[in-house]
file final30.cif (mmCIF, C-alpha atoms and all ligand atoms)
data_coords
#
loop_
_atom_site.label_atom_id
_atom_site.label_comp_id
_atom_site.auth_asym_id
_atom_site.auth_seq_id
_atom_site.Cartn_x
_atom_site.Cartn_y
_atom_site.Cartn_z
CA MET A 1006 45.26 133.12 142.68
CA LYS A 1007 43.64 130.82 145.17
CA GLN A 1008 44.79 132.83 148.18
CA ILE A 1009 43.44 136.01 146.71
CA THR A 1010 40.13 134.32 145.99
CA ASN A 1011 39.86 133.26 149.62
CA PHE A 1012 39.99 136.86 150.78
CA LEU A 1013 37.22 137.98 148.47
CA PRO A 1014 34.00 139.08 150.14
CA ILE A 1015 30.69 137.31 149.51
CA ALA A 1016 30.10 139.21 146.31
CA GLY A 1017 33.19 137.40 145.03
CA LEU A 1018 32.34 137.51 141.36
CA THR A 1019 31.90 141.26 141.30
CA ALA A 1020 35.11 141.74 143.23
CA ALA A 1021 36.96 139.35 140.94
CA LEU A 1022 35.78 141.33 137.97
CA ALA A 1023 36.89 144.54 139.61
CA LEU A 1024 40.35 143.05 140.18
CA GLY A 1025 40.41 142.07 136.55
CA ALA A 1026 43.44 139.81 136.67
CA VAL A 1027 41.87 137.23 138.96
CA THR A 1028 40.78 134.20 137.01
CA ALA A 1029 37.40 132.85 137.92
CA HIS A 1030 38.41 129.21 138.31
CA ALA A 1031 40.26 127.52 141.12
CA THR A 1032 43.70 126.12 140.28
CA ASP A 1033 42.51 122.53 140.32
CA GLU A 1034 39.89 123.18 137.66
CA LYS A 1035 40.36 123.07 133.92
CA PRO A 1036 40.52 126.36 132.03
CA ASN A 1037 37.06 127.52 131.08
CA ILE A 1038 36.57 128.38 127.41
CA VAL A 1039 33.54 130.11 125.90
CA ALA A 1040 32.91 129.99 122.14
CA SER A 1041 30.47 132.40 120.53
CA LEU A 1042 29.25 129.83 117.98
CA ALA A 1043 29.08 126.03 117.95
CA PRO A 1044 31.54 125.56 115.03
CA ILE A 1045 34.14 127.45 117.09
CA GLU A 1046 33.47 125.08 119.99
CA LEU A 1047 34.17 122.19 117.59
CA LEU A 1048 37.56 123.71 116.76
CA VAL A 1049 38.33 124.15 120.47
CA ARG A 1050 37.48 120.49 121.07
CA ALA A 1051 39.68 119.44 118.14
CA VAL A 1052 42.80 121.12 119.54
CA ALA A 1053 42.24 121.16 123.32
CA GLY A 1054 40.63 117.76 123.87
CA ASP A 1055 39.69 117.31 127.51
CA GLN A 1056 42.24 119.81 128.82
CA VAL A 1057 39.56 122.52 128.95
CA THR A 1058 35.85 122.87 129.51
CA VAL A 1059 34.06 124.62 126.67
CA SER A 1060 30.58 126.04 126.16
CA THR A 1061 28.85 127.96 123.37
CA LEU A 1062 26.76 131.12 123.60
CA VAL A 1063 24.43 131.13 120.58
CA PRO A 1064 22.11 128.10 120.87
CA ALA A 1065 21.13 125.89 117.92
CA GLY A 1066 18.41 127.48 115.82
CA ALA A 1067 19.23 131.06 116.81
CA SER A 1068 20.79 133.58 114.43
CA PRO A 1069 24.07 135.15 115.52
CA HIS A 1070 23.17 138.18 113.40
CA THR A 1071 20.24 139.17 115.58
CA TYR A 1072 21.12 137.45 118.85
CA GLN A 1073 20.71 139.27 122.17
CA LEU A 1074 22.96 138.36 125.09
CA ARG A 1075 21.09 137.18 128.17
CA PRO A 1076 22.22 138.08 131.71
CA SER A 1077 23.16 134.43 132.37
CA GLU A 1078 25.40 134.51 129.31
CA ARG A 1079 27.04 137.70 130.54
CA ARG A 1080 27.96 135.71 133.67
CA GLN A 1081 29.16 132.82 131.51
CA LEU A 1082 31.54 135.28 129.82
CA ALA A 1083 32.65 136.68 133.18
CA ALA A 1084 33.69 133.17 134.29
CA ALA A 1085 35.66 132.44 131.10
CA ASP A 1086 39.45 132.23 130.88
CA ARG A 1087 39.30 132.63 127.10
CA ILE A 1088 36.51 133.73 124.78
CA PHE A 1089 36.75 132.90 121.08
CA TRP A 1090 34.59 134.67 118.51
CA VAL A 1091 34.78 135.49 114.80
CA GLY A 1092 34.90 139.23 115.38
CA PRO A 1093 33.20 142.53 114.54
CA GLY A 1094 30.84 142.12 111.60
CA MET A 1095 29.71 138.65 112.68
CA GLU A 1096 28.59 138.46 116.31
CA ASN A 1097 27.26 142.01 116.61
CA PHE A 1098 25.84 141.26 120.05
CA LEU A 1099 29.36 140.72 121.44
CA GLU A 1100 31.22 143.53 119.77
CA ARG A 1101 30.89 146.24 122.40
CA LEU A 1102 31.47 143.84 125.30
CA LEU A 1103 34.45 141.90 123.94
CA THR A 1104 36.30 144.94 122.66
CA GLY A 1105 35.68 146.77 125.96
CA PRO A 1106 37.94 146.89 129.05
CA ASP A 1107 36.30 143.97 130.96
CA PHE A 1108 36.82 141.32 128.29
CA ARG A 1109 39.29 142.35 125.62
CA ASP A 1110 42.30 140.77 127.34
CA ARG A 1111 40.75 137.33 127.33
CA SER A 1112 38.90 137.55 124.01
CA VAL A 1113 40.35 136.36 120.73
CA ALA A 1114 38.74 137.35 117.44
CA LEU A 1115 39.47 134.62 114.90
CA ALA A 1116 38.74 136.42 111.63
CA PRO A 1117 41.72 136.87 109.28
CA GLY A 1118 43.40 140.16 110.11
CA ALA A 1119 41.55 140.57 113.40
CA ASP A 1120 43.77 141.51 116.29
CA ALA A 1121 44.32 138.74 118.79
CA PRO A 1122 45.41 140.21 122.14
CA GLY A 1123 48.38 138.41 123.67
CA ASP A 1124 49.12 136.87 120.30
CA ASP A 1125 51.87 139.24 119.27
CA ASP A 1126 54.94 137.43 120.62
CA HIS A 1127 55.03 134.79 117.92
CA GLY A 1128 52.39 133.38 115.64
CA TYR A 1129 51.55 129.74 115.44
CA HIS A 1130 53.57 128.15 112.67
CA HIS A 1131 52.96 124.92 110.89
CA GLU A 1132 55.99 122.84 110.20
CA ASP A 1133 54.92 122.19 106.65
CA ASP A 1134 54.17 124.87 104.14
CA HIS A 1135 50.42 124.94 104.35
CA ASP A 1136 49.66 127.91 102.18
CA SER A 1137 46.40 128.94 103.70
CA HIS A 1138 47.93 129.29 107.11
CA ALA A 1139 50.89 131.29 105.84
CA GLU A 1140 48.46 133.55 104.04
CA ALA A 1141 46.28 134.13 107.08
CA GLU A 1142 49.34 134.66 109.24
CA HIS A 1143 50.57 137.51 107.13
CA GLY A 1144 47.24 139.07 106.39
CA PRO A 1145 45.15 139.64 103.31
CA GLU A 1146 47.63 142.03 101.67
CA HIS A 1147 49.65 139.01 100.53
CA ASP A 1148 48.76 137.50 97.21
CA SER A 1149 48.63 134.07 98.72
CA ALA A 1150 49.78 130.83 97.23
CA ASP A 1151 46.51 129.38 98.52
CA ALA A 1152 44.56 131.69 96.23
CA HIS A 1153 46.60 130.30 93.35
CA ALA A 1154 46.05 126.78 94.56
CA HIS A 1155 42.29 126.94 94.43
CA GLY A 1156 41.39 130.17 92.78
CA HIS A 1157 40.08 132.35 95.58
CA ASP A 1158 41.55 134.35 98.35
CA HIS A 1159 41.03 134.00 102.05
CA GLY A 1160 41.35 137.65 102.92
CA ASP A 1161 39.10 139.50 105.28
CA GLY A 1162 36.18 141.58 104.11
CA GLY A 1163 33.04 140.15 102.61
CA ASP A 1164 31.34 137.08 104.02
CA PRO A 1165 32.07 136.79 107.75
CA HIS A 1166 31.01 133.09 107.88
CA ILE A 1167 34.68 132.18 107.73
CA TRP A 1168 34.36 128.82 109.52
CA LEU A 1169 32.76 127.29 106.43
CA ASP A 1170 36.06 127.36 104.57
CA PRO A 1171 38.28 124.49 105.77
CA ALA A 1172 41.48 126.46 105.15
CA LEU A 1173 40.17 129.26 107.33
CA GLY A 1174 38.90 126.69 109.83
CA LEU A 1175 42.45 125.38 110.12
CA ASP A 1176 43.74 128.89 110.60
CA MET A 1177 41.18 129.46 113.35
CA ALA A 1178 42.23 126.19 115.01
CA GLY A 1179 45.86 127.37 114.97
CA LYS A 1180 44.92 130.65 116.64
CA ILE A 1181 42.82 128.82 119.23
CA ALA A 1182 45.66 126.37 119.96
CA HIS A 1183 48.20 129.12 120.38
CA SER A 1184 45.94 131.06 122.72
CA ILE A 1185 44.99 128.05 124.88
CA GLU A 1186 48.66 127.07 125.19
CA GLN A 1187 49.23 130.28 127.12
CA LEU A 1188 46.73 129.32 129.84
CA GLU A 1189 47.89 127.98 133.17
CA GLY A 1190 47.99 124.19 133.56
CA ILE A 1191 47.88 123.42 129.84
CA ASP A 1192 50.09 120.75 128.26
CA ALA A 1193 51.17 122.70 125.17
CA LYS A 1194 52.88 119.71 123.56
CA GLU A 1195 49.61 117.80 123.57
CA ILE A 1196 47.79 120.79 122.05
CA ASP A 1197 50.39 120.92 119.26
CA GLU A 1198 49.95 117.20 118.62
CA ASN A 1199 46.18 117.59 118.53
CA LEU A 1200 46.52 120.44 116.06
CA ALA A 1201 48.80 118.36 113.82
CA THR A 1202 46.32 115.46 113.94
CA PHE A 1203 43.46 117.84 113.17
CA GLU A 1204 45.32 119.32 110.22
CA ALA A 1205 46.07 115.90 108.76
CA SER A 1206 42.49 114.64 109.12
CA LEU A 1207 41.06 117.89 107.80
CA LYS A 1208 43.23 117.63 104.68
CA ASP A 1209 42.08 114.05 104.14
CA ARG A 1210 38.45 115.07 104.56
CA GLU A 1211 38.90 118.04 102.28
CA ALA A 1212 40.34 115.85 99.52
CA SER A 1213 37.48 113.39 99.94
CA ILE A 1214 34.87 116.18 99.84
CA ARG A 1215 36.46 117.67 96.72
CA GLN A 1216 36.06 114.28 95.08
CA GLN A 1217 32.47 113.83 96.27
CA LEU A 1218 31.46 117.27 94.99
CA GLN A 1219 32.61 116.65 91.41
CA PRO A 1220 29.09 115.84 90.18
CA ALA A 1221 27.76 119.00 91.90
CA LYS A 1222 29.88 121.46 89.88
CA ASP A 1223 27.06 122.31 87.49
CA LEU A 1224 24.43 122.98 90.16
CA ASP A 1225 23.04 126.51 90.47
CA LEU A 1226 22.82 126.97 94.21
CA PHE A 1227 20.42 129.51 95.71
CA THR A 1228 20.98 130.30 99.35
CA TYR A 1229 18.85 132.00 101.96
CA HIS A 1230 21.45 134.46 103.17
CA GLY A 1231 25.03 135.08 102.13
CA ALA A 1232 26.50 132.46 104.43
CA PHE A 1233 27.47 129.67 102.04
CA ARG A 1234 29.91 131.55 99.80
CA ARG A 1235 33.09 130.56 101.69
CA PHE A 1236 32.35 126.87 101.28
CA ALA A 1237 31.14 127.23 97.67
CA GLU A 1238 34.21 129.19 96.60
CA HIS A 1239 36.58 126.83 98.32
CA TYR A 1240 35.18 123.86 96.42
CA GLY A 1241 34.38 125.61 93.13
CA LEU A 1242 30.58 125.47 93.43
CA THR A 1243 28.27 128.08 91.91
CA ILE A 1244 26.01 130.32 93.95
CA ALA A 1245 23.47 131.61 91.45
CA GLY A 1246 21.43 133.70 93.86
CA VAL A 1247 21.12 134.85 97.46
CA LEU A 1248 17.64 135.52 98.76
CA THR A 1249 18.49 138.13 101.37
CA LEU A 1250 21.73 140.04 101.60
CA SER A 1251 21.05 141.06 105.16
CA PRO A 1252 19.52 138.29 107.26
CA GLU A 1253 18.07 140.72 109.79
CA ARG A 1254 15.63 142.02 107.22
CA SER A 1255 13.08 140.52 104.87
CA PRO A 1256 14.13 140.61 101.23
CA GLY A 1257 12.72 143.49 99.18
CA ALA A 1258 10.18 142.86 96.42
CA ARG A 1259 12.59 143.91 93.69
CA HIS A 1260 15.36 141.63 94.90
CA LEU A 1261 12.89 138.75 95.21
CA ALA A 1262 11.81 139.28 91.61
CA GLU A 1263 15.44 139.19 90.47
CA VAL A 1264 16.12 135.98 92.35
CA GLN A 1265 12.97 134.44 90.94
CA GLU A 1266 14.07 135.28 87.42
CA ARG A 1267 17.47 133.70 87.97
CA LEU A 1268 15.78 130.68 89.50
CA GLN A 1269 13.67 130.25 86.38
CA GLN A 1270 16.67 130.60 84.09
CA ALA A 1271 18.85 128.16 86.01
CA ASP A 1272 19.58 124.77 84.45
CA GLN A 1273 20.04 122.82 87.67
CA PRO A 1274 18.71 125.01 90.50
CA CYS A 1275 18.75 123.94 94.12
CA LEU A 1276 17.51 125.88 97.15
CA LEU A 1277 19.70 125.73 100.24
CA THR A 1278 17.70 126.61 103.33
CA GLU A 1279 18.87 127.13 106.90
CA PRO A 1280 17.04 126.20 110.10
CA GLN A 1281 17.65 129.70 111.50
CA PHE A 1282 15.57 131.46 108.91
CA ASN A 1283 12.05 131.55 107.68
CA ARG A 1284 11.33 129.16 104.86
CA GLN A 1285 8.23 130.99 103.66
CA TRP A 1286 10.30 133.26 101.40
CA TRP A 1287 11.42 130.28 99.39
CA GLU A 1288 7.90 128.98 99.19
CA SER A 1289 6.75 132.25 97.64
CA LEU A 1290 9.40 131.78 94.94
CA MET A 1291 8.72 128.14 94.25
CA THR A 1292 6.90 128.37 90.95
CA ASP A 1293 8.35 125.03 89.94
CA ALA A 1294 7.66 122.37 92.53
CA ASP A 1295 10.44 120.19 91.13
CA ILE A 1296 13.24 122.42 92.40
CA PRO A 1297 15.10 120.46 95.06
CA VAL A 1298 15.37 121.98 98.52
CA SER A 1299 18.17 121.01 100.86
CA THR A 1300 18.73 122.16 104.43
CA TRP A 1301 22.13 122.95 105.87
CA ASP A 1302 23.05 124.46 109.21
CA PRO A 1303 25.85 127.04 109.40
CA LEU A 1304 25.84 126.60 113.18
CA ALA A 1305 26.37 122.83 113.13
CA GLY A 1306 23.21 122.25 115.19
CA ASP A 1307 23.12 118.49 114.57
CA ILE A 1308 26.82 117.86 115.07
CA GLU A 1309 28.02 116.18 118.27
CA PRO A 1310 30.52 118.41 120.11
CA THR A 1311 33.56 116.13 119.86
CA ALA A 1312 37.16 116.40 118.64
CA THR A 1313 36.05 115.24 115.16
CA GLY A 1314 32.93 117.42 115.07
CA TYR A 1315 34.43 120.01 112.73
CA LEU A 1316 35.20 117.32 110.14
CA GLU A 1317 31.62 116.09 110.41
CA PHE A 1318 30.41 119.67 110.04
CA GLN A 1319 32.41 120.02 106.80
CA GLN A 1320 30.91 116.75 105.60
CA SER A 1321 27.39 117.97 106.50
CA LEU A 1322 27.88 120.97 104.19
CA ALA A 1323 28.97 118.70 101.34
CA ASP A 1324 26.05 116.36 102.03
CA ALA A 1325 23.58 119.27 101.83
CA VAL A 1326 24.92 120.09 98.35
CA LEU A 1327 24.85 116.45 97.26
CA ARG A 1328 21.18 116.18 98.24
CA CYS A 1329 20.54 118.71 95.43
CA LEU A 1330 21.53 116.16 92.80
CA PRO A 1331 18.50 114.55 91.14
CA GLU A 1332 19.61 111.03 92.14
CA ASN A 1333 19.89 112.06 95.82
CA ALA A 1334 16.93 114.45 96.14
CA GLU A 1335 14.84 114.10 99.27
ZN ZN B 1401 24.83 134.23 108.83
ZN ZN B 1402 39.35 128.16 100.64
#
call {"tool": "encode", "arguments": {"input": "final30.cif", "output": "structure tokens"}}
result
Amino acid sequence: MKQITNFLPIAGLTAALALGAVTAHATDEKPNIVASLAPIELLVRAVAGDQVTVSTLVPAGASPHTYQLRPSERRQLAAADRIFWVGPGMENFLERLLTGPDFRDRSVALAPGADAPGDDDHGYHHEDDHDSHAEAEHGPEHDSADAHAHGHDHGDGGDPHIWLDPALGLDMAGKIAHSIEQLEGIDAKEIDENLATFEASLKDREASIRQQLQPAKDLDLFTYHGAFRRFAEHYGLTIAGVLTLSPERSPGARHLAEVQERLQQADQPCLLTEPQFNRQWWESLMTDADIPVSTWDPLAGDIEPTATGYLEFQQSLADAVLRCLPENAE
């Protein structure tokens, strides 16, 4: 690779892109990973440690639903050895680019059932019988044991905010690990060990969160957009209303009236707001000033990008729900 790079003309980047197979980094550099969203970067850090460099496209506070790629970010993608994203239906701004000829060979869509190029030789397999992974491995057509274990299925379709569900987060981490292991200069054994450590700590955290959320079972959660469902379903929480079904648009008057009615009928309502979206819609619905409001961030804006960041992200979601309880209200 290095020799070829040396013969490139001054417009090296363009030429490298034209050659396609030439990786953009020199052999003594770490593989360069780009994540579409911060929670995906957290999963990369959990499994790859310091073997790679990783950056995220969508900045804190922006919405991936309406994001527009900037020219500098197009170059960031061009310099990547691997690009991880959720897939079509989530990051609309990447769909045409990452499924096109320039990027599809180094892009991996992490949604259940999404095709992962270069991932067809053998799937990543856990040594234990973690149901969620087995289910995701074989696709949504299986009636998974995981669905039996906690009463919901992890199939594709529906809410694309898959990283909120820890079982799907683990599945994403497995796909990321397997893909990174194929890059040059990677110590695959260490990646496997990191993944095993991540799985064990995630299971511990999940059990602890399940315990913590016991007193929150009777809450009627109202969310800004349909992003919280994966977490709520995983932990058996109730979403009583969603303000806007499509976050690109303002909610219609009729839908607002319906949500308001449900809000008034709810025994223990709580409004979950997100930093990405306008809070004024909630304020127009707030007939009762006593309704608790709690902010959560689907893009993990306040979480340090470290190997344990995804666990802290999961905890931040639980904490947002727990702030709805009268004894914890802000
Ligand atoms: Zn969203
Ligand atoms: Zn789940």
call {"tool": "residues_near_ligand", "arguments": {"input": "final30.cif", "ligand": "ligand ZN 1401 (chain B)", "cutoff": "9 Å", "atoms": "only C-alpha atoms and all ligand atoms", "output": "PyMOL selection string"}}
result
chain A and resi 1068-1070+1095+1164-1166+1230-1233+1251-1252+1281+1303-1304
call {"tool": "closest_residue", "arguments": {"input": "final30.cif", "among": "A:Val1059, A:Leu1042, A:Ala1172, A:Ile1308", "to": "ligand ZN 1402 (chain B)", "atoms": "only C-alpha atoms and all ligand atoms"}}
result
A:Ala1172
call {"tool": "residues_around", "arguments": {"input": "final30.cif", "residues": "A:Arg1267", "least_positions_apart": "5", "cutoff": "9 Å", "atoms": "all atoms listed in the file", "output": "PyMOL selection string"}}
result
chain A and resi 1245-1246+1262
call {"tool": "atom_distance", "arguments": {"input": "final30.cif", "atom1": "atom CA of A:Ala1237", "atom2": "atom ZN of ligand ZN 1402 (chain B)"}}
result
8.8 Å
call {"tool": "closest_residue", "arguments": {"input": "final30.cif", "among": "A:Ala1178, A:Ala1258, A:Ile1167, A:Phe1318", "to": "ligand ZN 1402 (chain B)", "atoms": "all atoms listed in the file"}}
result
A:Ile1167
call {"tool": "closest_residue", "arguments": {"input": "final30.cif", "among": "A:Trp1168, A:Phe1236, A:Phe1282, A:Phe1227", "to": "A:Ala1305", "atoms": "only C-alpha atoms"}}
result
A:Trp1168
call {"tool": "atom_distance", "arguments": {"input": "final30.cif", "atom1": "atom CA of A:Pro1331", "atom2": "atom CA of A:Glu1279"}}
result
20.2 Å
call {"tool": "atom_distance", "arguments": {"input": "final30.cif", "atom1": "atom CA of A:Ser1321", "atom2": "atom CA of A:Ala1067"}}
result
18.6 Å
call {"tool": "residues_around", "arguments": {"input": "final30.cif", "residues": "A:Leu1268", "least_positions_apart": "4", "cutoff": "10 Å", "atoms": "all atoms listed in the file", "output": "VMD selection string"}}
result
chain A and resid 1225 to 1227 1245 to 1246 1262 to 1264 1272 to 1276 1290 to 1293 1296
call {"tool": "closest_residue", "arguments": {"input": "final30.cif", "among": "A:Ala1271, A:Leu1169, A:Ile1181, A:Ile1191", "to": "ligand ZN 1402 (chain B)", "atoms": "all atoms listed in the file"}}
result
A:Leu1169
call {"tool": "closest_residue", "arguments": {"input": "final30.cif", "among": "A:Leu1099, A:Ala1084, A:Pro1036, A:Gln1073", "to": "A:Gln1187", "atoms": "only C-alpha atoms"}}
result
A:Pro1036
call {"tool": "residues_near_point", "arguments": {"input": "final30.cif", "point": "(40.1, 126.8, 111.0)", "cutoff": "12 Å", "atoms": "all atoms listed in the file", "output": "PyMOL selection string"}}
result
chain A and resi 1044-1049+1051-1052+1091+1115-1117+1137-1138+1141+1159+1166-1182+1200+1203-1204+1207-1208+1315-1316+1319
call {"tool": "closest_residue", "arguments": {"input": "final30.cif", "among": "A:Leu1330, A:Leu1224, A:Leu1242, A:Leu1250", "to": "ligand ZN 1402 (chain B)", "atoms": "all atoms listed in the file"}}
result
A:Leu1242
call {"tool": "decode", "arguments": {"input": "final30.cif", "residues": "stretch 1050-1104 of chain A", "atoms": "C-alpha atoms", "output": "compact mmCIF listing (two decimals), in the first residue's frame"}}
result
# COMPACT_ATOMS: atom_id res chain seq x y z
CA ARG A 1050 -14.35 2.05 21.84
CA ALA A 1051 -15.70 -0.82 23.95
CA VAL A 1052 -14.44 -3.51 21.56
CA ALA A 1053 -11.45 -1.90 19.81
CA GLY A 1054 -9.85 0.00 22.69
CA ASP A 1055 -6.84 1.97 21.45
CA GLN A 1056 -6.21 -0.24 18.44
CA VAL A 1057 -8.12 2.18 16.21
CA THR A 1058 -8.85 5.88 15.95
CA VAL A 1059 -12.56 6.66 15.87
CA SER A 1060 -14.62 9.76 15.14
CA THR A 1061 -18.34 10.51 14.90
CA LEU A 1062 -20.22 12.38 12.17
CA VAL A 1063 -23.41 13.74 13.76
CA PRO A 1064 -22.39 16.23 16.49
CA ALA A 1065 -24.10 16.47 19.90
CA GLY A 1066 -27.36 18.37 19.70
CA ALA A 1067 -27.99 17.65 16.01
CA SER A 1068 -30.72 15.32 14.77
CA PRO A 1069 -29.63 12.39 12.61
CA HIS A 1070 -33.09 12.46 11.00
CA THR A 1071 -32.54 15.83 9.36
CA TYR A 1072 -28.75 16.02 9.28
CA GLN A 1073 -26.93 17.25 6.16
CA LEU A 1074 -23.44 15.98 5.42
CA ARG A 1075 -20.82 18.73 5.17
CA PRO A 1076 -17.96 18.60 2.64
CA SER A 1077 -15.43 18.11 5.47
CA GLU A 1078 -17.41 15.10 6.64
CA ARG A 1079 -17.42 13.68 3.12
CA ARG A 1080 -13.60 13.82 3.34
CA GLN A 1081 -13.72 12.23 6.80
CA LEU A 1082 -15.62 9.32 5.22
CA ALA A 1083 -13.16 9.13 2.33
CA ALA A 1084 -10.29 8.67 4.82
CA ALA A 1085 -12.07 5.92 6.79
CA ASP A 1086 -11.09 2.25 6.76
CA ARG A 1087 -14.49 1.29 8.19
CA ILE A 1088 -17.73 3.22 8.53
CA PHE A 1089 -20.37 2.00 10.96
CA TRP A 1090 -23.95 3.21 10.78
CA VAL A 1091 -27.40 1.92 11.76
CA GLY A 1092 -28.63 1.74 8.19
CA PRO A 1093 -31.35 2.93 5.82
CA GLY A 1094 -34.30 4.37 7.74
CA MET A 1095 -32.08 5.97 10.39
CA GLU A 1096 -29.26 8.10 8.96
CA ASN A 1097 -31.05 9.23 5.80
CA PHE A 1098 -28.20 11.62 4.98
CA LEU A 1099 -25.80 8.68 4.51
CA GLU A 1100 -28.00 6.25 2.67
CA ARG A 1101 -27.17 7.15 -0.93
CA LEU A 1102 -23.45 7.57 -0.21
CA LEU A 1103 -22.85 4.45 1.89
CA THR A 1104 -24.82 2.13 -0.35
